[in-house]
Amino acid sequence: MEEFAKFAPDTRVIPITGGAAVSKAVKTLNAGHRLALTGTPIENRLSELWSIFDFLMPGFLYSQKEFEQRFAVPVTKNKDQEAMEKLRKMTSPFLMRRRKEEVLKDLPAKLEEVRYVPISGEQQKLYDAEVLKLKNTILDGTMGTGTGKVKVLAELTKIREICCDPSLLYENYHEESARREAAIALIRQAIDGGHRMLLFSQFTSMLALLEEELKAEGIPYYILTGSTSKEKRIRLVHQFNEGDVPVFLISLKAGGNGLNLTGADIVIHYDPWWNLAAQNQATDRTHRIGQTRQVTVYRLILKGTIEERILRLQEEKKDLADQVLSGENVSLASLSQEELLELLG
């Protein structure tokens, strides 16, 4: 921002974060010229692009309701190529995109691997039971209501917890946990190969379980969550980059941005979620300026579960919106009853 101000000394550069209230506030600013700088112009839904343009050129992409009718619904729901091409032509003259690979030409390669983990035994039984329960919740006719959506989200969270480790949901569970075992095996393998790694999870309770495993194995580690103080965050980042501790456990929300962790060359995404942009931003904590080694990214997916189908849906949505801009991701709110049932199999 400081660099930008040098070229436009009469321009006020205002960092914007937050939701709808902040968006409404900045649109009241009186300015002769407006620019928007963002790393994720479309993070969860196509309407985010409309909001940016409504700040830049109010009315250019019509009202929000008309935008939804003309573009958002046809493009995301119906895969309407004509609507997508029209939106691209309208917005492209006003966009200047700088991809990381274009700016950082000497950045080492990033390799990505989806590692599928088979599920079986008691974990499979618990998973099947929760999926059946969610299907019944979807089909009870209340999904369109506020209460119905809350119930669906709660059931989805339970399914995710079972996939991560059933003991997150069942206190007395002591059977197999396919992904936790796969993650520990991957960590051992990486350490044997001389690598250092970041492991991200959206569940701090899952990080606590992995912490117990690392202690039992005698593997040194650091851990960072939303409750970690700012001062300790800075200290942990410095110690990790300057030291030789091989594992850094990080909650996705706490470590998705603002961290420089180029001391690692492996990233493990323990559990997936709808928003692929959040995972990519977490990966960029190590695949960034200052990295001198090739970075390998692993995504652990339980085979034959909702996670495998979420992965497919993520890629379909990303491919679609890449043609418009730079990658729309899946949002629970954007999924219909039919799409949710398809995800569940």
# chains A, B, ... in the order shown; residues from 1 in each chain; ligands from 1
>>> residues_around(residues="Arg188 (chain A)", least_positions_apart="2", cutoff="12 Å", atoms="only C-alpha atoms", output="list in words")
Glu181, Ala182, Ala183, Ile184, Ala185, Leu186, Ala190, Ile191, Asp192, Gly193, Gly194, His195, Arg196, Met197, Glu213, Leu214, Glu217, Gly218, Ile219, Pro220, Pro246 and Val247 of chain A
>>> select_by_dssp(residues="region 88-249 of chain A", states="strand (DSSP E or B)", output="MDAnalysis selection string")
chainID A and resid 110:117 197:201 221:224 247:249
>>> write_last_selection(atoms="N, CA and C atoms", output="PDB file, in the first residue's frame")
ATOM      1  N   LYS A 110       5.704 -25.941  -6.728  1.00  0.00           N
ATOM      2  CA  LYS A 110       4.792 -26.450  -5.707  1.00  0.00           C
ATOM      3  C   LYS A 110       4.109 -27.689  -6.269  1.00  0.00           C
ATOM      4  N   LEU A 111       4.299 -28.824  -5.599  1.00  0.00           N
ATOM      5  CA  LEU A 111       3.674 -30.068  -6.022  1.00  0.00           C
ATOM      6  C   LEU A 111       2.493 -30.356  -5.100  1.00  0.00           C
ATOM      7  N   GLU A 112       1.380 -30.784  -5.666  1.00  0.00           N
ATOM      8  CA  GLU A 112       0.191 -31.063  -4.867  1.00  0.00           C
ATOM      9  C   GLU A 112      -0.237 -32.514  -5.052  1.00  0.00           C
ATOM     10  N   GLU A 113      -0.576 -33.152  -3.959  1.00  0.00           N
ATOM     11  CA  GLU A 113      -1.022 -34.548  -3.997  1.00  0.00           C
ATOM     12  C   GLU A 113      -2.229 -34.745  -3.091  1.00  0.00           C
ATOM     13  N   VAL A 114      -3.275 -35.330  -3.636  1.00  0.00           N
ATOM     14  CA  VAL A 114      -4.410 -35.747  -2.820  1.00  0.00           C
ATOM     15  C   VAL A 114      -4.132 -37.177  -2.383  1.00  0.00           C
ATOM     16  N   ARG A 115      -4.024 -37.376  -1.094  1.00  0.00           N
ATOM     17  CA  ARG A 115      -3.736 -38.714  -0.576  1.00  0.00           C
ATOM     18  C   ARG A 115      -5.028 -39.303  -0.012  1.00  0.00           C
ATOM     19  N   TYR A 116      -5.542 -40.328  -0.684  1.00  0.00           N
ATOM     20  CA  TYR A 116      -6.807 -40.941  -0.276  1.00  0.00           C
ATOM     21  C   TYR A 116      -6.561 -41.979   0.816  1.00  0.00           C
ATOM     22  N   VAL A 117      -7.375 -41.900   1.850  1.00  0.00           N
ATOM     23  CA  VAL A 117      -7.229 -42.785   3.012  1.00  0.00           C
ATOM     24  C   VAL A 117      -8.489 -43.647   3.121  1.00  0.00           C
ATOM     25  N   MET A 197       7.491 -29.410   8.265  1.00  0.00           N
ATOM     26  CA  MET A 197       6.134 -29.294   7.711  1.00  0.00           C
ATOM     27  C   MET A 197       5.203 -28.451   8.565  1.00  0.00           C
ATOM     28  N   LEU A 198       4.177 -27.915   7.874  1.00  0.00           N
ATOM     29  CA  LEU A 198       3.035 -27.275   8.503  1.00  0.00           C
ATOM     30  C   LEU A 198       1.862 -28.224   8.363  1.00  0.00           C
ATOM     31  N   LEU A 199       1.096 -28.419   9.427  1.00  0.00           N
ATOM     32  CA  LEU A 199      -0.118 -29.222   9.348  1.00  0.00           C
ATOM     33  C   LEU A 199      -1.296 -28.346   9.782  1.00  0.00           C
ATOM     34  N   PHE A 200      -2.262 -28.187   8.873  1.00  0.00           N
ATOM     35  CA  PHE A 200      -3.424 -27.341   9.132  1.00  0.00           C
ATOM     36  C   PHE A 200      -4.663 -28.197   9.377  1.00  0.00           C
ATOM     37  N   SER A 201      -5.460 -27.774  10.351  1.00  0.00           N
ATOM     38  CA  SER A 201      -6.772 -28.360  10.575  1.00  0.00           C
ATOM     39  C   SER A 201      -7.721 -27.247  10.997  1.00  0.00           C
ATOM     40  N   TYR A 221       7.477 -30.300  18.264  1.00  0.00           N
ATOM     41  CA  TYR A 221       6.467 -29.595  17.472  1.00  0.00           C
ATOM     42  C   TYR A 221       6.185 -28.236  18.095  1.00  0.00           C
ATOM     43  N   TYR A 222       5.569 -27.360  17.324  1.00  0.00           N
ATOM     44  CA  TYR A 222       4.950 -26.136  17.820  1.00  0.00           C
ATOM     45  C   TYR A 222       3.465 -26.218  17.476  1.00  0.00           C
ATOM     46  N   ILE A 223       2.647 -25.436  18.196  1.00  0.00           N
ATOM     47  CA  ILE A 223       1.217 -25.403  17.897  1.00  0.00           C
ATOM     48  C   ILE A 223       0.716 -23.965  17.995  1.00  0.00           C
ATOM     49  N   LEU A 224      -0.125 -23.576  17.043  1.00  0.00           N
ATOM     50  CA  LEU A 224      -0.662 -22.214  16.988  1.00  0.00           C
ATOM     51  C   LEU A 224      -2.159 -22.283  16.718  1.00  0.00           C
ATOM     52  N   VAL A 247       7.737 -30.019  13.027  1.00  0.00           N
ATOM     53  CA  VAL A 247       6.282 -29.976  12.821  1.00  0.00           C
ATOM     54  C   VAL A 247       5.692 -28.723  13.449  1.00  0.00           C
ATOM     55  N   PHE A 248       4.833 -28.049  12.692  1.00  0.00           N
ATOM     56  CA  PHE A 248       4.098 -26.896  13.203  1.00  0.00           C
ATOM     57  C   PHE A 248       2.612 -27.172  12.975  1.00  0.00           C
ATOM     58  N   LEU A 249       1.868 -27.393  14.064  1.00  0.00           N
ATOM     59  CA  LEU A 249       0.423 -27.614  14.000  1.00  0.00           C
ATOM     60  C   LEU A 249      -0.281 -26.257  14.053  1.00  0.00           C
TER      61      LEU A 249
END
>>> select_by_dssp(residues="region 207-320 of chain A", states="alpha helix (DSSP H)", output="NGL selection string")
:A and (207-217 or 230-242 or 252-255 or 276-283 or 306-320)
>>> write_last_selection(atoms="N, CA and C atoms", output="short mmCIF file (atom, residue, chain, number, x, y, z; two decimals), in the first residue's frame")
data_model
loop_
_atom_site.label_atom_id
_atom_site.label_comp_id
_atom_site.auth_asym_id
_atom_site.auth_seq_id
_atom_site.Cartn_x
_atom_site.Cartn_y
_atom_site.Cartn_z
N LEU A 207 -6.18 -30.79 16.50
CA LEU A 207 -4.77 -30.48 16.71
C LEU A 207 -4.33 -30.98 18.09
N ALA A 208 -5.23 -30.90 19.08
CA ALA A 208 -4.90 -31.38 20.42
C ALA A 208 -4.66 -32.89 20.41
N LEU A 209 -5.46 -33.62 19.64
CA LEU A 209 -5.25 -35.07 19.53
C LEU A 209 -3.93 -35.39 18.85
N LEU A 210 -3.61 -34.66 17.79
CA LEU A 210 -2.34 -34.87 17.10
C LEU A 210 -1.17 -34.49 18.00
N GLU A 211 -1.38 -33.48 18.82
CA GLU A 211 -0.35 -33.08 19.78
C GLU A 211 -0.02 -34.23 20.72
N GLU A 212 -1.05 -34.92 21.18
CA GLU A 212 -0.84 -36.08 22.05
C GLU A 212 -0.03 -37.15 21.34
N GLU A 213 -0.35 -37.40 20.07
CA GLU A 213 0.37 -38.42 19.28
C GLU A 213 1.84 -38.04 19.14
N LEU A 214 2.11 -36.77 18.84
CA LEU A 214 3.50 -36.32 18.65
C LEU A 214 4.28 -36.44 19.95
N LYS A 215 3.63 -36.11 21.06
CA LYS A 215 4.31 -36.27 22.36
C LYS A 215 4.66 -37.73 22.61
N ALA A 216 3.70 -38.62 22.31
CA ALA A 216 3.93 -40.06 22.52
C ALA A 216 5.05 -40.57 21.63
N GLU A 217 5.17 -40.00 20.43
CA GLU A 217 6.21 -40.43 19.49
C GLU A 217 7.56 -39.75 19.76
N LYS A 230 -0.60 -12.62 20.22
CA LYS A 230 0.15 -12.03 19.10
C LYS A 230 1.65 -12.15 19.34
N GLU A 231 2.07 -11.87 20.56
CA GLU A 231 3.50 -11.93 20.88
C GLU A 231 4.04 -13.35 20.73
N LYS A 232 3.25 -14.33 21.20
CA LYS A 232 3.70 -15.71 21.09
C LYS A 232 3.70 -16.17 19.63
N ARG A 233 2.73 -15.72 18.84
CA ARG A 233 2.70 -16.05 17.40
C ARG A 233 4.02 -15.65 16.75
N ILE A 234 4.42 -14.41 17.00
CA ILE A 234 5.65 -13.89 16.41
C ILE A 234 6.85 -14.72 16.85
N ARG A 235 6.89 -15.05 18.15
CA ARG A 235 8.00 -15.82 18.69
C ARG A 235 8.04 -17.22 18.08
N LEU A 236 6.88 -17.89 17.96
CA LEU A 236 6.83 -19.24 17.40
C LEU A 236 7.27 -19.26 15.95
N VAL A 237 6.80 -18.27 15.18
CA VAL A 237 7.18 -18.20 13.76
C VAL A 237 8.69 -18.04 13.63
N HIS A 238 9.27 -17.15 14.42
CA HIS A 238 10.72 -16.94 14.38
C HIS A 238 11.47 -18.22 14.77
N GLN A 239 11.03 -18.85 15.86
CA GLN A 239 11.71 -20.06 16.34
C GLN A 239 11.62 -21.19 15.31
N PHE A 240 10.46 -21.30 14.66
CA PHE A 240 10.31 -22.36 13.66
C PHE A 240 11.23 -22.11 12.47
N ASN A 241 11.24 -20.89 11.96
CA ASN A 241 12.05 -20.59 10.78
C ASN A 241 13.54 -20.68 11.05
N GLU A 242 13.93 -20.33 12.27
CA GLU A 242 15.36 -20.30 12.60
C GLU A 242 15.86 -21.62 13.21
N LEU A 252 -6.54 -23.56 10.89
CA LEU A 252 -6.66 -22.89 9.59
C LEU A 252 -7.05 -21.43 9.75
N LYS A 253 -7.97 -21.14 10.65
CA LYS A 253 -8.41 -19.75 10.83
C LYS A 253 -7.31 -18.88 11.40
N ALA A 254 -6.52 -19.44 12.31
CA ALA A 254 -5.45 -18.65 12.95
C ALA A 254 -4.25 -18.47 12.04
N GLY A 255 -4.02 -19.42 11.14
CA GLY A 255 -2.80 -19.38 10.33
C GLY A 255 -3.02 -19.23 8.85
N LEU A 276 -11.85 -23.56 -0.90
CA LEU A 276 -10.52 -23.91 -1.37
C LEU A 276 -9.56 -22.75 -1.22
N ALA A 277 -10.07 -21.51 -1.31
CA ALA A 277 -9.21 -20.33 -1.19
C ALA A 277 -8.53 -20.28 0.17
N ALA A 278 -9.26 -20.66 1.23
CA ALA A 278 -8.68 -20.65 2.58
C ALA A 278 -7.51 -21.62 2.67
N GLN A 279 -7.65 -22.79 2.05
CA GLN A 279 -6.57 -23.77 2.04
C GLN A 279 -5.37 -23.25 1.24
N ASN A 280 -5.65 -22.62 0.11
CA ASN A 280 -4.56 -22.09 -0.72
C ASN A 280 -3.80 -20.98 0.01
N GLN A 281 -4.54 -20.14 0.73
CA GLN A 281 -3.89 -19.07 1.49
C GLN A 281 -3.02 -19.65 2.59
N ALA A 282 -3.47 -20.75 3.20
CA ALA A 282 -2.65 -21.40 4.23
C ALA A 282 -1.38 -21.98 3.61
N THR A 283 -1.51 -22.60 2.45
CA THR A 283 -0.33 -23.13 1.75
C THR A 283 0.68 -22.03 1.46
N ILE A 306 -18.10 -38.19 1.94
CA ILE A 306 -18.52 -36.88 1.45
C ILE A 306 -17.32 -36.02 1.06
N GLU A 307 -16.17 -36.24 1.70
CA GLU A 307 -14.98 -35.45 1.40
C GLU A 307 -14.53 -35.63 -0.05
N GLU A 308 -14.62 -36.85 -0.54
CA GLU A 308 -14.21 -37.12 -1.92
C GLU A 308 -15.12 -36.37 -2.89
N ARG A 309 -16.40 -36.31 -2.58
CA ARG A 309 -17.33 -35.62 -3.46
C ARG A 309 -17.23 -34.10 -3.31
N ILE A 310 -16.89 -33.61 -2.12
CA ILE A 310 -16.62 -32.18 -1.94
C ILE A 310 -15.43 -31.77 -2.80
N LEU A 311 -14.41 -32.61 -2.83
CA LEU A 311 -13.22 -32.34 -3.63
C LEU A 311 -13.58 -32.19 -5.10
N ARG A 312 -14.43 -33.08 -5.60
CA ARG A 312 -14.86 -33.00 -7.00
C ARG A 312 -15.64 -31.73 -7.25
N LEU A 313 -16.53 -31.40 -6.32
CA LEU A 313 -17.35 -30.21 -6.48
C LEU A 313 -16.50 -28.95 -6.43
N GLN A 314 -15.50 -28.92 -5.56
CA GLN A 314 -14.56 -27.80 -5.49
C GLN A 314 -13.92 -27.56 -6.85
N GLU A 315 -13.42 -28.64 -7.45
CA GLU A 315 -12.73 -28.50 -8.73
C GLU A 315 -13.67 -28.06 -9.84
N GLU A 316 -14.90 -28.58 -9.84
CA GLU A 316 -15.87 -28.18 -10.85
C GLU A 316 -16.19 -26.70 -10.73
N LYS A 317 -16.42 -26.24 -9.51
CA LYS A 317 -16.72 -24.83 -9.28
C LYS A 317 -15.54 -23.96 -9.66
N LYS A 318 -14.33 -24.41 -9.30
CA LYS A 318 -13.13 -23.64 -9.59
C LYS A 318 -12.92 -23.51 -11.09
N ASP A 319 -13.08 -24.62 -11.81
CA ASP A 319 -12.91 -24.60 -13.26
C ASP A 319 -13.91 -23.65 -13.91
N LEU A 320 -15.14 -23.68 -13.42
CA LEU A 320 -16.17 -22.82 -13.97
C LEU A 320 -15.82 -21.36 -13.78
#
>>> atom_distance(atom1="CA of Tyr298 (chain A)", atom2="CA of Arg97 (chain A)")
27.2 Å
>>> atom_distance(atom1="CA of Ile187 (chain A)", atom2="CA of Gly304 (chain A)")
23.5 Å
>>> closest_residue(among="A:Lys149, A:Glu338, A:Ile119, A:Thr286", to="Ile301 (chain A)", atoms="only C-alpha atoms")
A:Ile119
>>> residues_around(residues="Cys163 (chain A)", least_positions_apart="5", cutoff="9 Å", atoms="only C-alpha atoms", output="list in words")
Ile119, Gln123, Gln124, Tyr127, Lys158, Ser177, Ala178, Arg179, Asp271, Ile301, Leu302, Thr305 and Glu307 of chain A
>>> write_last_selection(atoms="N, CA, C and O atoms", output="tab-separated table (two decimals), in the first residue's frame")
chain	number	residue	atom	x	y	z
A	119	ILE	N	-11.42	-45.92	4.71
A	119	ILE	CA	-12.11	-45.94	6.00
A	119	ILE	C	-12.76	-47.31	6.18
A	119	ILE	O	-13.24	-47.90	5.21
A	123	GLN	N	-15.28	-46.91	12.53
A	123	GLN	CA	-15.35	-45.56	11.98
A	123	GLN	C	-16.31	-45.51	10.80
A	123	GLN	O	-17.09	-44.57	10.65
A	124	GLN	N	-16.27	-46.53	9.93
A	124	GLN	CA	-17.18	-46.60	8.79
A	124	GLN	C	-18.63	-46.69	9.26
A	124	GLN	O	-19.52	-46.02	8.71
A	127	TYR	N	-19.77	-43.33	10.54
A	127	TYR	CA	-19.93	-42.42	9.39
A	127	TYR	C	-21.26	-42.69	8.68
A	127	TYR	O	-22.03	-41.77	8.40
A	158	LYS	N	-20.75	-32.90	12.34
A	158	LYS	CA	-20.56	-34.21	12.96
A	158	LYS	C	-19.90	-35.18	12.00
A	158	LYS	O	-19.01	-35.95	12.39
A	177	SER	N	-8.68	-44.77	13.81
A	177	SER	CA	-8.92	-43.45	13.22
A	177	SER	C	-8.04	-43.36	11.98
A	177	SER	O	-6.85	-43.08	12.06
A	178	ALA	N	-8.65	-43.64	10.83
A	178	ALA	CA	-7.88	-43.83	9.59
A	178	ALA	C	-7.01	-42.63	9.25
A	178	ALA	O	-5.82	-42.77	8.94
A	179	ARG	N	-7.59	-41.44	9.32
A	179	ARG	CA	-6.81	-40.28	8.89
A	179	ARG	C	-5.72	-39.90	9.90
A	179	ARG	O	-4.63	-39.50	9.51
A	271	ASP	N	-7.80	-31.79	7.10
A	271	ASP	CA	-9.21	-31.96	6.77
A	271	ASP	C	-9.64	-30.90	5.76
A	271	ASP	O	-9.26	-29.74	5.88
A	301	ILE	N	-7.78	-37.10	2.24
A	301	ILE	CA	-9.20	-37.26	1.94
A	301	ILE	C	-9.63	-38.69	2.26
A	301	ILE	O	-8.99	-39.64	1.79
A	302	LEU	N	-10.70	-38.84	3.04
A	302	LEU	CA	-11.20	-40.19	3.31
A	302	LEU	C	-11.96	-40.71	2.10
A	302	LEU	O	-12.95	-40.11	1.67
A	305	THR	N	-16.14	-41.12	0.98
A	305	THR	CA	-16.95	-40.31	1.89
A	305	THR	C	-17.36	-39.01	1.21
A	305	THR	O	-16.97	-38.72	0.08
A	307	GLU	N	-16.17	-36.24	1.70
A	307	GLU	CA	-14.98	-35.45	1.40
A	307	GLU	C	-14.53	-35.63	-0.05
A	307	GLU	O	-14.11	-34.68	-0.70
>>> residues_around(residues="region 90-95 of chain A", least_positions_apart="6", cutoff="12 Å", atoms="only C-alpha atoms", output="number ranges by chain")
A: 34-38, 41, 49-50, 52-54, 56-57, 60-62, 71, 83-84, 323-326
>>> write_last_selection(atoms="C-alpha atoms", output="compact mmCIF listing (two decimals), in the first residue's frame")
# COMPACT_ATOMS: atom_id res chain seq x y z
CA ARG A 34 -11.59 4.34 -6.76
CA LEU A 35 -9.40 1.24 -6.91
CA ALA A 36 -9.89 -2.13 -5.25
CA LEU A 37 -6.93 -4.33 -4.31
CA THR A 38 -7.72 -7.92 -3.36
CA PRO A 41 -11.95 -11.27 -5.63
CA LEU A 49 -17.47 -9.71 -7.54
CA TRP A 50 -20.67 -7.67 -7.76
CA ILE A 52 -16.42 -4.96 -5.52
CA PHE A 53 -17.82 -3.42 -8.71
CA ASP A 54 -20.65 -1.81 -6.75
CA LEU A 56 -15.94 0.91 -7.97
CA MET A 57 -18.77 1.72 -10.40
CA PHE A 60 -22.34 -1.17 -13.72
CA LEU A 61 -23.24 -4.77 -12.85
CA TYR A 62 -26.87 -3.80 -12.20
CA PHE A 71 -25.27 -13.96 -13.94
CA ALA A 83 -23.92 -15.56 -19.35
CA MET A 84 -20.40 -16.41 -18.20
CA GLN A 323 -13.22 -18.77 -16.87
CA VAL A 324 -14.92 -15.74 -15.31
CA LEU A 325 -12.11 -14.63 -13.03
CA SER A 326 -9.97 -16.65 -10.65
>>> residues_around(residues="Glu161 (chain A)", least_positions_apart="4", cutoff="12 Å", atoms="only C-alpha atoms", output="number ranges by chain")
A: 123, 126-127, 130, 154-157, 165-170, 177, 179-180, 201-206, 270-273, 302, 307
>>> decode(residues="region 180-201 of chain A", atoms="N, CA, C and O atoms", output="PDB file, in the first residue's frame")
ATOM      1  N   ARG A 180      -6.034 -40.019  11.179  1.00  0.00           N
ATOM      2  CA  ARG A 180      -5.002 -39.683  12.163  1.00  0.00           C
ATOM      3  C   ARG A 180      -3.804 -40.611  11.991  1.00  0.00           C
ATOM      4  O   ARG A 180      -2.648 -40.166  12.035  1.00  0.00           O
ATOM      5  N   GLU A 181      -4.055 -41.896  11.778  1.00  0.00           N
ATOM      6  CA  GLU A 181      -2.960 -42.846  11.567  1.00  0.00           C
ATOM      7  C   GLU A 181      -2.187 -42.506  10.296  1.00  0.00           C
ATOM      8  O   GLU A 181      -0.953 -42.577  10.268  1.00  0.00           O
ATOM      9  N   ALA A 182      -2.906 -42.118   9.235  1.00  0.00           N
ATOM     10  CA  ALA A 182      -2.255 -41.756   7.970  1.00  0.00           C
ATOM     11  C   ALA A 182      -1.413 -40.501   8.142  1.00  0.00           C
ATOM     12  O   ALA A 182      -0.310 -40.391   7.585  1.00  0.00           O
ATOM     13  N   ALA A 183      -1.917 -39.535   8.920  1.00  0.00           N
ATOM     14  CA  ALA A 183      -1.184 -38.288   9.124  1.00  0.00           C
ATOM     15  C   ALA A 183       0.109 -38.522   9.895  1.00  0.00           C
ATOM     16  O   ALA A 183       1.168 -37.988   9.532  1.00  0.00           O
ATOM     17  N   ILE A 184       0.039 -39.325  10.941  1.00  0.00           N
ATOM     18  CA  ILE A 184       1.244 -39.607  11.730  1.00  0.00           C
ATOM     19  C   ILE A 184       2.270 -40.365  10.885  1.00  0.00           C
ATOM     20  O   ILE A 184       3.479 -40.093  10.962  1.00  0.00           O
ATOM     21  N   ALA A 185       1.790 -41.289  10.066  1.00  0.00           N
ATOM     22  CA  ALA A 185       2.702 -42.025   9.179  1.00  0.00           C
ATOM     23  C   ALA A 185       3.373 -41.075   8.192  1.00  0.00           C
ATOM     24  O   ALA A 185       4.579 -41.192   7.904  1.00  0.00           O
ATOM     25  N   LEU A 186       2.606 -40.129   7.650  1.00  0.00           N
ATOM     26  CA  LEU A 186       3.159 -39.151   6.709  1.00  0.00           C
ATOM     27  C   LEU A 186       4.178 -38.251   7.403  1.00  0.00           C
ATOM     28  O   LEU A 186       5.231 -37.932   6.824  1.00  0.00           O
ATOM     29  N   ILE A 187       3.887 -37.851   8.629  1.00  0.00           N
ATOM     30  CA  ILE A 187       4.821 -37.013   9.387  1.00  0.00           C
ATOM     31  C   ILE A 187       6.136 -37.758   9.623  1.00  0.00           C
ATOM     32  O   ILE A 187       7.226 -37.204   9.421  1.00  0.00           O
ATOM     33  N   ARG A 188       6.040 -39.018  10.041  1.00  0.00           N
ATOM     34  CA  ARG A 188       7.262 -39.821  10.250  1.00  0.00           C
ATOM     35  C   ARG A 188       8.074 -39.917   8.967  1.00  0.00           C
ATOM     36  O   ARG A 188       9.306 -39.743   8.973  1.00  0.00           O
ATOM     37  N   GLN A 189       7.388 -40.214   7.866  1.00  0.00           N
ATOM     38  CA  GLN A 189       8.051 -40.362   6.569  1.00  0.00           C
ATOM     39  C   GLN A 189       8.746 -39.068   6.173  1.00  0.00           C
ATOM     40  O   GLN A 189       9.882 -39.077   5.671  1.00  0.00           O
ATOM     41  N   ALA A 190       8.072 -37.939   6.380  1.00  0.00           N
ATOM     42  CA  ALA A 190       8.641 -36.644   6.006  1.00  0.00           C
ATOM     43  C   ALA A 190       9.872 -36.314   6.850  1.00  0.00           C
ATOM     44  O   ALA A 190      10.884 -35.822   6.337  1.00  0.00           O
ATOM     45  N   ILE A 191       9.805 -36.599   8.147  1.00  0.00           N
ATOM     46  CA  ILE A 191      10.952 -36.332   9.024  1.00  0.00           C
ATOM     47  C   ILE A 191      12.132 -37.197   8.623  1.00  0.00           C
ATOM     48  O   ILE A 191      13.283 -36.729   8.573  1.00  0.00           O
ATOM     49  N   ASP A 192      11.870 -38.470   8.310  1.00  0.00           N
ATOM     50  CA  ASP A 192      12.947 -39.367   7.861  1.00  0.00           C
ATOM     51  C   ASP A 192      13.618 -38.843   6.595  1.00  0.00           C
ATOM     52  O   ASP A 192      14.805 -39.083   6.361  1.00  0.00           O
ATOM     53  N   GLY A 193      12.839 -38.114   5.770  1.00  0.00           N
ATOM     54  CA  GLY A 193      13.385 -37.554   4.529  1.00  0.00           C
ATOM     55  C   GLY A 193      14.021 -36.189   4.713  1.00  0.00           C
ATOM     56  O   GLY A 193      14.419 -35.552   3.733  1.00  0.00           O
ATOM     57  N   GLY A 194      14.105 -35.721   5.971  1.00  0.00           N
ATOM     58  CA  GLY A 194      14.761 -34.439   6.241  1.00  0.00           C
ATOM     59  C   GLY A 194      13.875 -33.230   5.996  1.00  0.00           C
ATOM     60  O   GLY A 194      14.381 -32.110   5.864  1.00  0.00           O
ATOM     61  N   HIS A 195      12.567 -33.426   5.967  1.00  0.00           N
ATOM     62  CA  HIS A 195      11.641 -32.326   5.693  1.00  0.00           C
ATOM     63  C   HIS A 195      11.075 -31.732   6.980  1.00  0.00           C
ATOM     64  O   HIS A 195      11.069 -32.367   8.033  1.00  0.00           O
ATOM     65  N   ARG A 196      10.585 -30.510   6.854  1.00  0.00           N
ATOM     66  CA  ARG A 196       9.863 -29.844   7.940  1.00  0.00           C
ATOM     67  C   ARG A 196       8.506 -29.422   7.402  1.00  0.00           C
ATOM     68  O   ARG A 196       8.376 -29.085   6.224  1.00  0.00           O
ATOM     69  N   MET A 197       7.491 -29.410   8.265  1.00  0.00           N
ATOM     70  CA  MET A 197       6.134 -29.294   7.711  1.00  0.00           C
ATOM     71  C   MET A 197       5.203 -28.451   8.565  1.00  0.00           C
ATOM     72  O   MET A 197       5.388 -28.302   9.775  1.00  0.00           O
ATOM     73  N   LEU A 198       4.177 -27.915   7.874  1.00  0.00           N
ATOM     74  CA  LEU A 198       3.035 -27.275   8.503  1.00  0.00           C
ATOM     75  C   LEU A 198       1.862 -28.224   8.363  1.00  0.00           C
ATOM     76  O   LEU A 198       1.637 -28.770   7.274  1.00  0.00           O
ATOM     77  N   LEU A 199       1.096 -28.419   9.427  1.00  0.00           N
ATOM     78  CA  LEU A 199      -0.118 -29.222   9.348  1.00  0.00           C
ATOM     79  C   LEU A 199      -1.296 -28.346   9.782  1.00  0.00           C
ATOM     80  O   LEU A 199      -1.314 -27.830  10.901  1.00  0.00           O
ATOM     81  N   PHE A 200      -2.262 -28.187   8.873  1.00  0.00           N
ATOM     82  CA  PHE A 200      -3.424 -27.341   9.132  1.00  0.00           C
ATOM     83  C   PHE A 200      -4.663 -28.197   9.377  1.00  0.00           C
ATOM     84  O   PHE A 200      -4.898 -29.188   8.681  1.00  0.00           O
ATOM     85  N   SER A 201      -5.460 -27.774  10.351  1.00  0.00           N
ATOM     86  CA  SER A 201      -6.772 -28.360  10.575  1.00  0.00           C
ATOM     87  C   SER A 201      -7.721 -27.247  10.997  1.00  0.00           C
ATOM     88  O   SER A 201      -7.304 -26.259  11.615  1.00  0.00           O
TER      89      SER A 201
END
